[in-house]
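Engineer: My questions will all concern the structure given below.
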Amino acid sequence: MKKTVFTGAATAVITPMNPDGSINYPVLGRILEHQIKNGIDAIVICGTTGESSTMTDSEHVDTIAYAVEQVHGRVPVIAGAGSNHTDYAVWLSKEAERAGADALLQVTPYYNKTSQAGLIRHFFALAEATGLPNILYNVPSRTGVDIAPATYRELCTHPNIAAVKEAGGNISKVAQTAALCGEELAIYSGNDDQIVPILSLGGKGVISVLSNLMPRETHEICSLYFGGKAQESAALQLKLLPLINALFSDVNPIPVKEAMNLAGWAAGECRMPLVSMAPAAREALLREMELLGLSAPRKREGE
């Protein structure tokens with residue numbers, strides 16, 4: 001049986017930006033401290049939510065190194081290192097290992113895509129590149145390619161392929177994967193609205209967008225379930241469902257970055273081509289945040 005990278009909730013951390021578009025490392029440091037203080041179980045840096053697709057090579061590696069130094073071993077740091085170019089993903093995986101990452105998040109190849117046979121060769125090449133555990137990332141709505149359960153069965157035979165972040169939304173397929181792979185492949189929910197269903201199939205936790213705002217509560221959904229309190233876990237997830245829906249009312253990470261700004265975190269804007277939320281969607285997000293006491297106080301007229 002492979003060692004589990006983490007159990008519980010990991011935050012796919014946003015990357016805060018300065019007004020000129022550069023990375024705001026002091027705010028990132030404060031966000032990481034807040035996450036750890038509030039019980040998060042792992043940190044994912046430079047993932048989709050962290051806008052890795054718009055980072056230069058140096059920014060990507062420097063941000064991983066910064067997170068590793070800031071976290072200082074208190075929880076695992078999982079570095080986004082995937083690409084649709086296998087050789088580039090190998091290079092980035094090695095750089096992340098040199099920077100001190102504890103594990104790697106490897107997205108399926110996008111745009112050029114590949115076959116199931118190609119997925120196996122791609123992920124095996126990445127798994128061979130370092131000594132770190134690899135968490136595969138299946139998100140067909142973004143990449144246009146979906147990992148089949150039989151492919152997971154082949155992939156999990158590699159000792160460095162430890163887990164998958166499953167964001168395909170198909171619970172039946174998750175069940176098939178769990179049945180085929182057993183303890184050889186840890187399954188993490190990649191969708192905040194499916195944490196409890198995936199835990200019920202033997203999942204180990206979630207890689208979450210919601211936990212940028214609510215790390216303690218997202219951790220609690222998992223810890224309640226693992227503690228035998230499935231009904232309480234489900235009740236907490238259902239309570240947070242309106243906010244989860246609002247956080248995915250536009251392309252991620254647009255809403256969560258807006259939410260972090262509304263909560264007072266000075267997260268800045270997303271990099272182009274991502275643009276700000278429409279006013280009506282922003283107002284709906286703010287209403288859900290206010291109901292949960294998450295937003296900074298609104299300014300009164302004349303202030």
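Naming works like this for the structure tokens: A, B, ... for the chains as they're shown, residue 1 at the start of each chain, ligands 1 onward in shown order.
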According to DSSP computed on the backbone, where in range 106-277 of chain A is there strand (DSSP E or B)? Give the residues as a list in words.

Structural biologist: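 Secondary structure check on range 106-277 of chain A, strand (DSSP E or B): Gln106, Val107, Asn134, Ile135, Leu136, Tyr137, Asn138, Ile161, Ala162, Ala163, Val164, Lys165, Glu166, Ala186, Ile187, Tyr188, Ser189, Gly205, Val206, Ile207 and Ser208 of chain A.
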
Engineer: Write the residues of the selection above to a file with C-alpha atoms, as a PDB file, in the first residue's frame.

Structural biologist:
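Written output follows (result.pdb):
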```pdb
ATOM      1  CA  GLN A 106       0.010  16.590 -12.840  1.00  0.00           C
ATOM      2  CA  VAL A 107      -2.878  17.661 -15.057  1.00  0.00           C
ATOM      3  CA  ASN A 134       2.455  12.278  -8.225  1.00  0.00           C
ATOM      4  CA  ILE A 135      -1.201  13.267  -7.908  1.00  0.00           C
ATOM      5  CA  LEU A 136      -2.914  13.080 -11.289  1.00  0.00           C
ATOM      6  CA  TYR A 137      -5.461  15.777 -12.096  1.00  0.00           C
ATOM      7  CA  ASN A 138      -8.460  14.808 -14.194  1.00  0.00           C
ATOM      8  CA  ILE A 161       1.649   7.573  -8.944  1.00  0.00           C
ATOM      9  CA  ALA A 162      -0.062   7.931  -5.611  1.00  0.00           C
ATOM     10  CA  ALA A 163      -3.404   9.661  -6.139  1.00  0.00           C
ATOM     11  CA  VAL A 164      -5.818  11.502  -8.372  1.00  0.00           C
ATOM     12  CA  LYS A 165      -7.669  14.773  -8.041  1.00  0.00           C
ATOM     13  CA  GLU A 166     -10.890  13.732  -9.747  1.00  0.00           C
ATOM     14  CA  ALA A 186      -5.912   7.651  -3.304  1.00  0.00           C
ATOM     15  CA  ILE A 187      -8.872   9.599  -4.663  1.00  0.00           C
ATOM     16  CA  TYR A 188      -9.389  13.268  -3.820  1.00  0.00           C
ATOM     17  CA  SER A 189     -12.465  15.202  -4.802  1.00  0.00           C
ATOM     18  CA  GLY A 205     -10.209  14.161   0.989  1.00  0.00           C
ATOM     19  CA  VAL A 206     -10.495  17.156  -1.305  1.00  0.00           C
ATOM     20  CA  ILE A 207      -8.286  19.576  -3.188  1.00  0.00           C
ATOM     21  CA  SER A 208     -10.435  22.617  -2.668  1.00  0.00           C
TER      22      SER A 208
END
```

Engineer: Extract, using only C-alpha atoms, all DNA, RNA and protein residues at most 10 Å from Ala101 in chain A, discarding same-chain residues fewer than 4 positions from it, and format them as a list in words.

Structural biologist: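 Neighbouring residues, sequence-local ones excluded: Val44, Ile45, Ile64, Ala65, Ala67, Val68, Glu69, Gly73, Pro76, Val77, Ile78, Ala79, Gly80, Ser93, Lys94, Glu95, Ala96, Glu97 and Leu132 of chain A.
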
Engineer: Write a file of the selected residues as a short mmCIF file (atom, residue, chain, number, x, y, z; two decimals), in the first residue's frame, keeping all heavy atoms.

Structural biologist:
```cif
data_model
loop_
_atom_site.label_atom_id
_atom_site.label_comp_id
_atom_site.auth_asym_id
_atom_site.auth_seq_id
_atom_site.Cartn_x
_atom_site.Cartn_y
_atom_site.Cartn_z
N VAL A 44 -1.73 23.26 -2.05
CA VAL A 44 -1.41 23.09 -3.47
C VAL A 44 -1.05 24.46 -4.03
O VAL A 44 -1.85 25.39 -3.98
CB VAL A 44 -2.60 22.49 -4.25
CG1 VAL A 44 -2.28 22.44 -5.75
CG2 VAL A 44 -2.92 21.10 -3.73
N ILE A 45 0.16 24.58 -4.53
CA ILE A 45 0.66 25.85 -5.05
C ILE A 45 0.85 25.73 -6.55
O ILE A 45 1.23 24.68 -7.07
CB ILE A 45 1.99 26.24 -4.34
CG1 ILE A 45 2.32 27.72 -4.56
CG2 ILE A 45 3.14 25.34 -4.73
CD1 ILE A 45 1.48 28.66 -3.74
N ILE A 64 6.75 28.26 -6.04
CA ILE A 64 6.84 26.97 -5.34
C ILE A 64 7.86 27.06 -4.20
O ILE A 64 7.58 26.67 -3.06
CB ILE A 64 7.21 25.84 -6.32
CG1 ILE A 64 6.09 25.59 -7.32
CG2 ILE A 64 7.53 24.55 -5.55
CD1 ILE A 64 6.49 24.70 -8.48
N ALA A 65 9.03 27.60 -4.51
CA ALA A 65 10.09 27.70 -3.49
C ALA A 65 9.65 28.58 -2.33
O ALA A 65 9.94 28.29 -1.16
CB ALA A 65 11.37 28.25 -4.13
N ALA A 67 6.56 29.08 -1.27
CA ALA A 67 5.57 28.35 -0.46
C ALA A 67 6.25 27.30 0.41
O ALA A 67 5.89 27.14 1.59
CB ALA A 67 4.53 27.71 -1.37
N VAL A 68 7.21 26.60 -0.15
CA VAL A 68 7.93 25.58 0.63
C VAL A 68 8.62 26.21 1.83
O VAL A 68 8.54 25.70 2.96
CB VAL A 68 8.95 24.85 -0.27
CG1 VAL A 68 9.91 24.00 0.57
CG2 VAL A 68 8.22 23.97 -1.30
N GLU A 69 9.28 27.34 1.60
CA GLU A 69 9.98 28.01 2.70
C GLU A 69 9.00 28.54 3.74
O GLU A 69 9.24 28.41 4.95
CB GLU A 69 10.82 29.16 2.15
CG GLU A 69 11.64 29.88 3.21
CD GLU A 69 12.53 30.95 2.63
OE1 GLU A 69 12.57 31.12 1.41
OE2 GLU A 69 13.20 31.64 3.44
N GLY A 73 7.50 22.75 6.26
CA GLY A 73 7.28 21.38 6.69
C GLY A 73 6.08 21.15 7.57
O GLY A 73 5.85 20.01 8.01
N PRO A 76 2.13 19.19 4.00
CA PRO A 76 2.72 18.95 2.67
C PRO A 76 2.43 20.09 1.71
O PRO A 76 1.35 20.67 1.71
CB PRO A 76 2.03 17.66 2.21
CG PRO A 76 1.52 17.01 3.46
CD PRO A 76 1.18 18.14 4.39
N VAL A 77 3.42 20.40 0.87
CA VAL A 77 3.25 21.35 -0.23
C VAL A 77 3.26 20.57 -1.53
O VAL A 77 4.25 19.89 -1.85
CB VAL A 77 4.37 22.41 -0.23
CG1 VAL A 77 4.25 23.30 -1.47
CG2 VAL A 77 4.29 23.27 1.03
N ILE A 78 2.17 20.66 -2.26
CA ILE A 78 2.00 19.95 -3.52
C ILE A 78 2.11 20.97 -4.64
O ILE A 78 1.35 21.94 -4.67
CB ILE A 78 0.64 19.24 -3.55
CG1 ILE A 78 0.51 18.27 -2.37
CG2 ILE A 78 0.42 18.53 -4.88
CD1 ILE A 78 -0.92 17.96 -1.98
N ALA A 79 3.05 20.76 -5.54
CA ALA A 79 3.34 21.75 -6.58
C ALA A 79 2.70 21.34 -7.90
O ALA A 79 2.89 20.21 -8.37
CB ALA A 79 4.84 21.89 -6.77
N GLY A 80 1.95 22.26 -8.50
CA GLY A 80 1.47 22.05 -9.85
C GLY A 80 2.64 22.02 -10.81
O GLY A 80 3.44 22.95 -10.85
N SER A 93 8.75 19.36 -13.17
CA SER A 93 8.69 18.44 -12.03
C SER A 93 10.03 18.38 -11.30
O SER A 93 10.09 18.39 -10.06
CB SER A 93 8.29 17.04 -12.50
OG SER A 93 6.99 17.04 -13.06
N LYS A 94 11.11 18.34 -12.06
CA LYS A 94 12.44 18.31 -11.46
C LYS A 94 12.74 19.62 -10.72
O LYS A 94 13.34 19.61 -9.64
CB LYS A 94 13.49 18.04 -12.53
CG LYS A 94 13.43 16.62 -13.09
CD LYS A 94 14.48 16.41 -14.18
CE LYS A 94 14.46 14.97 -14.69
NZ LYS A 94 15.45 14.75 -15.77
N GLU A 95 12.32 20.73 -11.31
CA GLU A 95 12.52 22.02 -10.65
C GLU A 95 11.71 22.10 -9.35
O GLU A 95 12.19 22.63 -8.34
CB GLU A 95 12.11 23.16 -11.59
CG GLU A 95 13.05 23.37 -12.75
CD GLU A 95 14.44 23.77 -12.31
OE1 GLU A 95 14.56 24.73 -11.51
OE2 GLU A 95 15.41 23.12 -12.74
N ALA A 96 10.50 21.58 -9.35
CA ALA A 96 9.67 21.58 -8.14
C ALA A 96 10.29 20.69 -7.06
O ALA A 96 10.27 21.04 -5.87
CB ALA A 96 8.25 21.10 -8.48
N GLU A 97 10.85 19.56 -7.48
CA GLU A 97 11.53 18.70 -6.51
C GLU A 97 12.73 19.42 -5.92
O GLU A 97 12.95 19.38 -4.69
CB GLU A 97 11.97 17.40 -7.18
CG GLU A 97 12.63 16.42 -6.23
CD GLU A 97 13.02 15.12 -6.91
OE1 GLU A 97 13.55 15.17 -8.04
OE2 GLU A 97 12.81 14.06 -6.31
N LEU A 132 9.33 12.00 -6.23
CA LEU A 132 8.16 12.49 -5.50
C LEU A 132 6.89 11.74 -5.89
O LEU A 132 6.76 11.29 -7.03
CB LEU A 132 7.95 13.98 -5.79
CG LEU A 132 9.05 14.93 -5.34
CD1 LEU A 132 8.69 16.37 -5.73
CD2 LEU A 132 9.31 14.83 -3.85
#
```

Engineer: Give me, as a list of chain:residue names, all polymer residues having an atom no more than 10 Å from Gln35 in chain A, counting only C-alpha atoms and skipping those fewer than 4 positions away in the same chain.

Structural biologist: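 Within the cut-off, the hits are A:Ala10, A:Thr11, A:Val13, A:Gly29, A:Arg30, A:Ile31, A:Gly39, A:Ile40, A:Asp41, A:Ala42, A:Ile43, A:Val71, A:Ser211, A:Asn212, A:Leu213, A:Met214, A:Pro215, A:Arg216.
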
Engineer: Got time to write the residues from that selection, all heavy atoms, as a short mmCIF file (atom, residue, chain, number, x, y, z; two decimals), in the first residue's frame?

Structural biologist:
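Printed below is selection.cif as written:
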```cif
data_model
loop_
_atom_site.label_atom_id
_atom_site.label_comp_id
_atom_site.auth_asym_id
_atom_site.auth_seq_id
_atom_site.Cartn_x
_atom_site.Cartn_y
_atom_site.Cartn_z
N ALA A 10 -6.96 19.93 1.22
CA ALA A 10 -5.84 20.73 0.71
C ALA A 10 -6.41 21.92 -0.03
O ALA A 10 -7.40 21.79 -0.77
CB ALA A 10 -4.97 19.91 -0.23
N THR A 11 -5.81 23.07 0.15
CA THR A 11 -6.26 24.27 -0.55
C THR A 11 -5.46 24.49 -1.82
O THR A 11 -4.23 24.53 -1.79
CB THR A 11 -6.11 25.51 0.36
OG1 THR A 11 -6.94 25.34 1.52
CG2 THR A 11 -6.54 26.77 -0.38
N VAL A 13 -4.35 27.06 -3.61
CA VAL A 13 -4.20 28.45 -3.17
C VAL A 13 -4.17 29.40 -4.37
O VAL A 13 -3.54 29.13 -5.39
CB VAL A 13 -2.91 28.60 -2.34
CG1 VAL A 13 -2.66 30.05 -1.95
CG2 VAL A 13 -2.98 27.72 -1.10
N GLY A 29 2.21 34.97 1.60
CA GLY A 29 2.71 34.45 2.88
C GLY A 29 1.66 34.51 3.97
O GLY A 29 1.50 33.56 4.75
N ARG A 30 0.91 35.61 4.01
CA ARG A 30 -0.15 35.73 5.04
C ARG A 30 -1.28 34.74 4.79
O ARG A 30 -1.84 34.17 5.74
CB ARG A 30 -0.67 37.17 5.08
CG ARG A 30 0.34 38.17 5.63
CD ARG A 30 -0.28 39.48 6.01
NE ARG A 30 -0.72 40.27 4.86
CZ ARG A 30 0.05 41.10 4.18
NH1 ARG A 30 1.33 41.24 4.51
NH2 ARG A 30 -0.42 41.79 3.17
N ILE A 31 -1.59 34.51 3.52
CA ILE A 31 -2.62 33.52 3.19
C ILE A 31 -2.18 32.13 3.64
O ILE A 31 -2.97 31.38 4.23
CB ILE A 31 -2.93 33.55 1.68
CG1 ILE A 31 -3.67 34.84 1.31
CG2 ILE A 31 -3.75 32.33 1.26
CD1 ILE A 31 -3.84 35.05 -0.20
N GLY A 39 -6.13 24.98 10.24
CA GLY A 39 -6.25 23.53 10.21
C GLY A 39 -6.21 22.86 8.86
O GLY A 39 -6.56 21.67 8.75
N ILE A 40 -5.75 23.55 7.82
CA ILE A 40 -5.71 22.92 6.51
C ILE A 40 -4.68 21.79 6.54
O ILE A 40 -3.68 21.85 7.26
CB ILE A 40 -5.42 23.94 5.39
CG1 ILE A 40 -6.01 23.48 4.05
CG2 ILE A 40 -3.92 24.20 5.26
CD1 ILE A 40 -7.51 23.39 4.03
N ASP A 41 -4.92 20.76 5.73
CA ASP A 41 -4.10 19.55 5.79
C ASP A 41 -2.98 19.53 4.76
O ASP A 41 -2.03 18.74 4.91
CB ASP A 41 -5.00 18.33 5.59
CG ASP A 41 -6.06 18.24 6.68
OD1 ASP A 41 -5.69 18.01 7.84
OD2 ASP A 41 -7.25 18.43 6.37
N ALA A 42 -3.07 20.35 3.72
CA ALA A 42 -2.01 20.43 2.71
C ALA A 42 -2.24 21.69 1.89
O ALA A 42 -3.33 22.26 1.88
CB ALA A 42 -1.99 19.20 1.82
N ILE A 43 -1.20 22.10 1.20
CA ILE A 43 -1.23 23.27 0.32
C ILE A 43 -0.91 22.83 -1.10
O ILE A 43 0.07 22.11 -1.32
CB ILE A 43 -0.19 24.33 0.77
CG1 ILE A 43 -0.57 24.94 2.13
CG2 ILE A 43 -0.01 25.40 -0.30
CD1 ILE A 43 -1.82 25.79 2.11
N VAL A 71 5.86 27.52 4.41
CA VAL A 71 5.15 26.43 5.11
C VAL A 71 6.10 25.69 6.04
O VAL A 71 5.71 25.24 7.13
CB VAL A 71 4.51 25.48 4.08
CG1 VAL A 71 3.96 24.24 4.76
CG2 VAL A 71 3.39 26.22 3.32
N SER A 211 -11.79 26.24 0.26
CA SER A 211 -10.96 26.40 1.47
C SER A 211 -10.03 27.60 1.42
O SER A 211 -9.43 27.95 2.44
CB SER A 211 -10.17 25.12 1.74
OG SER A 211 -9.38 24.77 0.62
N ASN A 212 -9.90 28.27 0.26
CA ASN A 212 -9.23 29.57 0.28
C ASN A 212 -9.94 30.50 1.26
O ASN A 212 -9.29 31.25 2.01
CB ASN A 212 -9.25 30.20 -1.11
CG ASN A 212 -8.15 29.69 -2.01
OD1 ASN A 212 -7.01 30.15 -1.95
ND2 ASN A 212 -8.49 28.72 -2.85
N LEU A 213 -11.26 30.45 1.25
CA LEU A 213 -12.08 31.29 2.14
C LEU A 213 -12.36 30.63 3.47
O LEU A 213 -12.40 31.30 4.50
CB LEU A 213 -13.43 31.58 1.46
CG LEU A 213 -13.50 32.67 0.42
CD1 LEU A 213 -14.88 32.65 -0.24
CD2 LEU A 213 -13.23 34.04 1.03
N MET A 214 -12.58 29.31 3.45
CA MET A 214 -13.05 28.60 4.64
C MET A 214 -12.21 27.35 4.88
O MET A 214 -12.69 26.21 4.76
CB MET A 214 -14.53 28.24 4.48
CG MET A 214 -15.42 29.42 4.17
SD MET A 214 -17.19 29.03 4.21
CE MET A 214 -17.50 29.03 5.99
N PRO A 215 -10.93 27.51 5.24
CA PRO A 215 -10.09 26.33 5.44
C PRO A 215 -10.55 25.45 6.59
O PRO A 215 -10.56 24.21 6.45
CB PRO A 215 -8.70 26.94 5.72
CG PRO A 215 -8.96 28.36 6.14
CD PRO A 215 -10.19 28.77 5.40
N ARG A 216 -10.96 26.05 7.70
CA ARG A 216 -11.35 25.24 8.85
C ARG A 216 -12.60 24.42 8.54
O ARG A 216 -12.68 23.23 8.88
CB ARG A 216 -11.58 26.12 10.08
CG ARG A 216 -11.84 25.32 11.35
CD ARG A 216 -11.80 26.18 12.59
NE ARG A 216 -10.51 26.81 12.80
CZ ARG A 216 -9.44 26.19 13.30
NH1 ARG A 216 -9.52 24.91 13.63
NH2 ARG A 216 -8.31 26.84 13.46
#
```

Engineer: Need the shell around range 280-287 of chain A: protein/DNA/RNA residues with any atom at most 12 Å away, counting only C-alpha atoms. Skip same-chain ones fewer than 5 positions apart. Format as a list of chain:residue names?

Structural biologist: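 Result of the neighbour search: A:Pro242, A:Leu243, A:Ile244, A:Asn245, A:Ala246, A:Leu247, A:Phe248, A:Ser249, A:Asp250, A:Val251, A:Ile254, A:Pro255, A:Val256, A:Lys257, A:Glu258, A:Ala259, A:Met260, A:Asn261, A:Leu262, A:Ala263, A:Leu292, A:Gly293, A:Leu294, A:Ser295, A:Ala296, A:Pro297, A:Arg298.
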
Engineer: Smallest atom-to-atom distance to Ala9 in chain A: which of A:Leu119, A:Val75, A:Asn112, A:Thr177, using only C-alpha atoms?

Structural biologist: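 That would be A:Val75, the residue with the smallest distance to Ala9 in chain A.
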
Engineer: Using only C-alpha atoms, pick whichever of A:Thr218, A:Ala117, A:Thr108, A:Gly131 has the shortest atom-to-atom distance to Val145 in chain A.

Structural biologist: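 Under the stated criterion, the closest residue is A:Thr108.
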
Engineer: If I take CA of Ser276 in chain A and CA of Asn252 in chain A, how far is one from the other in Å, to one decimal?

Structural biologist: 11.2 Å

Engineer: Please compute the CA of His60 in chain A-CA of Cys46 in chain A distance, one decimal, in Å.

Structural biologist: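 Between CA of His60 in chain A and CA of Cys46 in chain A the gap is 6.7 Å.
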
Engineer: Which of these residues is nearest to Gly190 in chain A, using only C-alpha atoms: A:Ser58, A:Thr130, A:Asn38, A:Thr49?

Structural biologist: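 Ranked by minimum distance to Gly190 in chain A, first place goes to A:Thr49.
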
Engineer: Counting only C-alpha atoms, which residue out of A:Ala230, A:Gln237, A:Phe6, A:Leu224 sits closest to Asn191 in chain A?

Structural biologist: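 Of A:Ala230, A:Gln237, A:Phe6, A:Leu224, the one nearest Asn191 in chain A, counting only C-alpha atoms, is A:Gln237.
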
Engineer: Would you list, as an mmCIF file with C-alpha atoms, in the first residue's frame, the residues of range 63-212 of chain A that end up in helix (DSSP H, G or I) under DSSP run on this structure's backbone?

Structural biologist:
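Written output follows (selection.cif):
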```cif
data_model
loop_
_atom_site.group_PDB
_atom_site.id
_atom_site.type_symbol
_atom_site.label_atom_id
_atom_site.label_comp_id
_atom_site.auth_asym_id
_atom_site.auth_seq_id
_atom_site.Cartn_x
_atom_site.Cartn_y
_atom_site.Cartn_z
ATOM 1 C CA THR A 63 6.431 30.656 -6.131
ATOM 2 C CA ILE A 64 6.838 26.967 -5.337
ATOM 3 C CA ALA A 65 10.089 27.703 -3.493
ATOM 4 C CA TYR A 66 8.466 30.563 -1.585
ATOM 5 C CA ALA A 67 5.573 28.354 -0.462
ATOM 6 C CA VAL A 68 7.926 25.577 0.628
ATOM 7 C CA GLU A 69 9.985 28.009 2.699
ATOM 8 C CA GLN A 70 6.913 29.680 4.220
ATOM 9 C CA VAL A 71 5.149 26.429 5.109
ATOM 10 C CA THR A 86 5.717 15.973 -21.634
ATOM 11 C CA ASP A 87 9.328 17.152 -21.740
ATOM 12 C CA TYR A 88 8.380 20.505 -20.254
ATOM 13 C CA ALA A 89 6.392 18.814 -17.463
ATOM 14 C CA VAL A 90 9.423 16.625 -16.738
ATOM 15 C CA TRP A 91 11.611 19.734 -16.451
ATOM 16 C CA LEU A 92 9.112 21.526 -14.225
ATOM 17 C CA SER A 93 8.685 18.437 -12.026
ATOM 18 C CA LYS A 94 12.437 18.312 -11.461
ATOM 19 C CA GLU A 95 12.515 22.024 -10.646
ATOM 20 C CA ALA A 96 9.671 21.575 -8.141
ATOM 21 C CA GLU A 97 11.531 18.695 -6.513
ATOM 22 C CA ARG A 98 14.663 20.865 -6.265
ATOM 23 C CA ALA A 99 12.545 23.631 -4.699
ATOM 24 C CA GLN A 116 -5.561 6.616 -23.165
ATOM 25 C CA ALA A 117 -2.317 4.921 -24.260
ATOM 26 C CA GLY A 118 -0.735 8.359 -24.530
ATOM 27 C CA LEU A 119 -1.900 9.256 -21.030
ATOM 28 C CA ILE A 120 -0.170 6.177 -19.650
ATOM 29 C CA ARG A 121 3.122 6.987 -21.392
ATOM 30 C CA HIS A 122 2.893 10.681 -20.395
ATOM 31 C CA PHE A 123 2.204 10.061 -16.711
ATOM 32 C CA PHE A 124 4.754 7.247 -16.478
ATOM 33 C CA ALA A 125 7.392 9.612 -17.885
ATOM 34 C CA LEU A 126 6.521 12.185 -15.212
ATOM 35 C CA ALA A 127 6.513 9.562 -12.477
ATOM 36 C CA GLU A 128 10.006 8.450 -13.535
ATOM 37 C CA ALA A 129 11.358 12.013 -13.564
ATOM 38 C CA PRO A 140 -12.070 17.080 -18.662
ATOM 39 C CA SER A 141 -14.151 20.272 -18.723
ATOM 40 C CA ARG A 142 -10.879 22.215 -19.056
ATOM 41 C CA THR A 143 -8.629 19.799 -20.919
ATOM 42 C CA PRO A 149 -11.077 3.772 -14.941
ATOM 43 C CA ALA A 150 -9.079 1.072 -16.764
ATOM 44 C CA THR A 151 -6.346 3.647 -17.421
ATOM 45 C CA TYR A 152 -6.230 4.519 -13.729
ATOM 46 C CA ARG A 153 -5.769 0.805 -13.036
ATOM 47 C CA GLU A 154 -2.691 0.740 -15.266
ATOM 48 C CA LEU A 155 -1.326 4.046 -13.953
ATOM 49 C CA ILE A 171 -19.547 9.669 -9.369
ATOM 50 C CA SER A 172 -20.215 6.343 -11.107
ATOM 51 C CA LYS A 173 -16.793 6.555 -12.744
ATOM 52 C CA VAL A 174 -15.194 7.362 -9.378
ATOM 53 C CA ALA A 175 -16.803 4.210 -7.972
ATOM 54 C CA GLN A 176 -15.417 2.135 -10.849
ATOM 55 C CA THR A 177 -11.949 3.612 -10.305
ATOM 56 C CA ALA A 178 -12.072 2.920 -6.568
ATOM 57 C CA ALA A 179 -13.130 -0.684 -7.230
ATOM 58 C CA LEU A 180 -10.337 -1.250 -9.741
ATOM 59 C CA CYS A 181 -7.502 0.502 -7.889
ATOM 60 C CA GLY A 182 -8.257 0.010 -4.199
ATOM 61 C CA GLU A 183 -5.519 1.266 -1.902
ATOM 62 C CA GLU A 184 -3.063 1.741 -4.770
ATOM 63 C CA ASP A 192 -16.201 21.139 -3.607
ATOM 64 C CA ASP A 193 -19.813 20.051 -4.077
ATOM 65 C CA GLN A 194 -18.819 16.360 -4.174
ATOM 66 C CA ILE A 195 -16.585 16.003 -1.119
ATOM 67 C CA VAL A 196 -18.881 13.746 0.915
ATOM 68 C CA PRO A 197 -19.951 11.509 -1.999
ATOM 69 C CA ILE A 198 -16.313 10.818 -2.858
ATOM 70 C CA LEU A 199 -15.387 10.234 0.792
ATOM 71 C CA SER A 200 -18.214 7.676 0.920
ATOM 72 C CA LEU A 210 -13.674 26.796 -1.163
ATOM 73 C CA SER A 211 -10.965 26.398 1.466
ATOM 74 C CA ASN A 212 -9.234 29.574 0.284
#
```

Engineer: From the set A:Arg74, A:Ala103, A:Ile147, A:Gly227, which residue has the shortest atom-to-atom contact distance to Lys37 in chain A, counting only C-alpha atoms?

Structural biologist: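 Of A:Arg74, A:Ala103, A:Ile147, A:Gly227, the one nearest Lys37 in chain A, counting only C-alpha atoms, is A:Arg74.
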
Engineer: CA of Leu236 in chain A and CA of Ile221 in chain A, how far apart in Å?

Structural biologist: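 Atom-to-atom, CA of Ile221 in chain A and CA of Leu236 in chain A are spaced 6.4 Å apart.
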
Engineer: Using only C-alpha atoms, find the one residue out of A:Asn160, A:Ser53, A:Asn84, A:Thr15 that sits nearest to Tyr111 in chain A.

Structural biologist: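 Once distances to Tyr111 in chain A are computed over only C-alpha atoms, the minimum belongs to A:Asn84.
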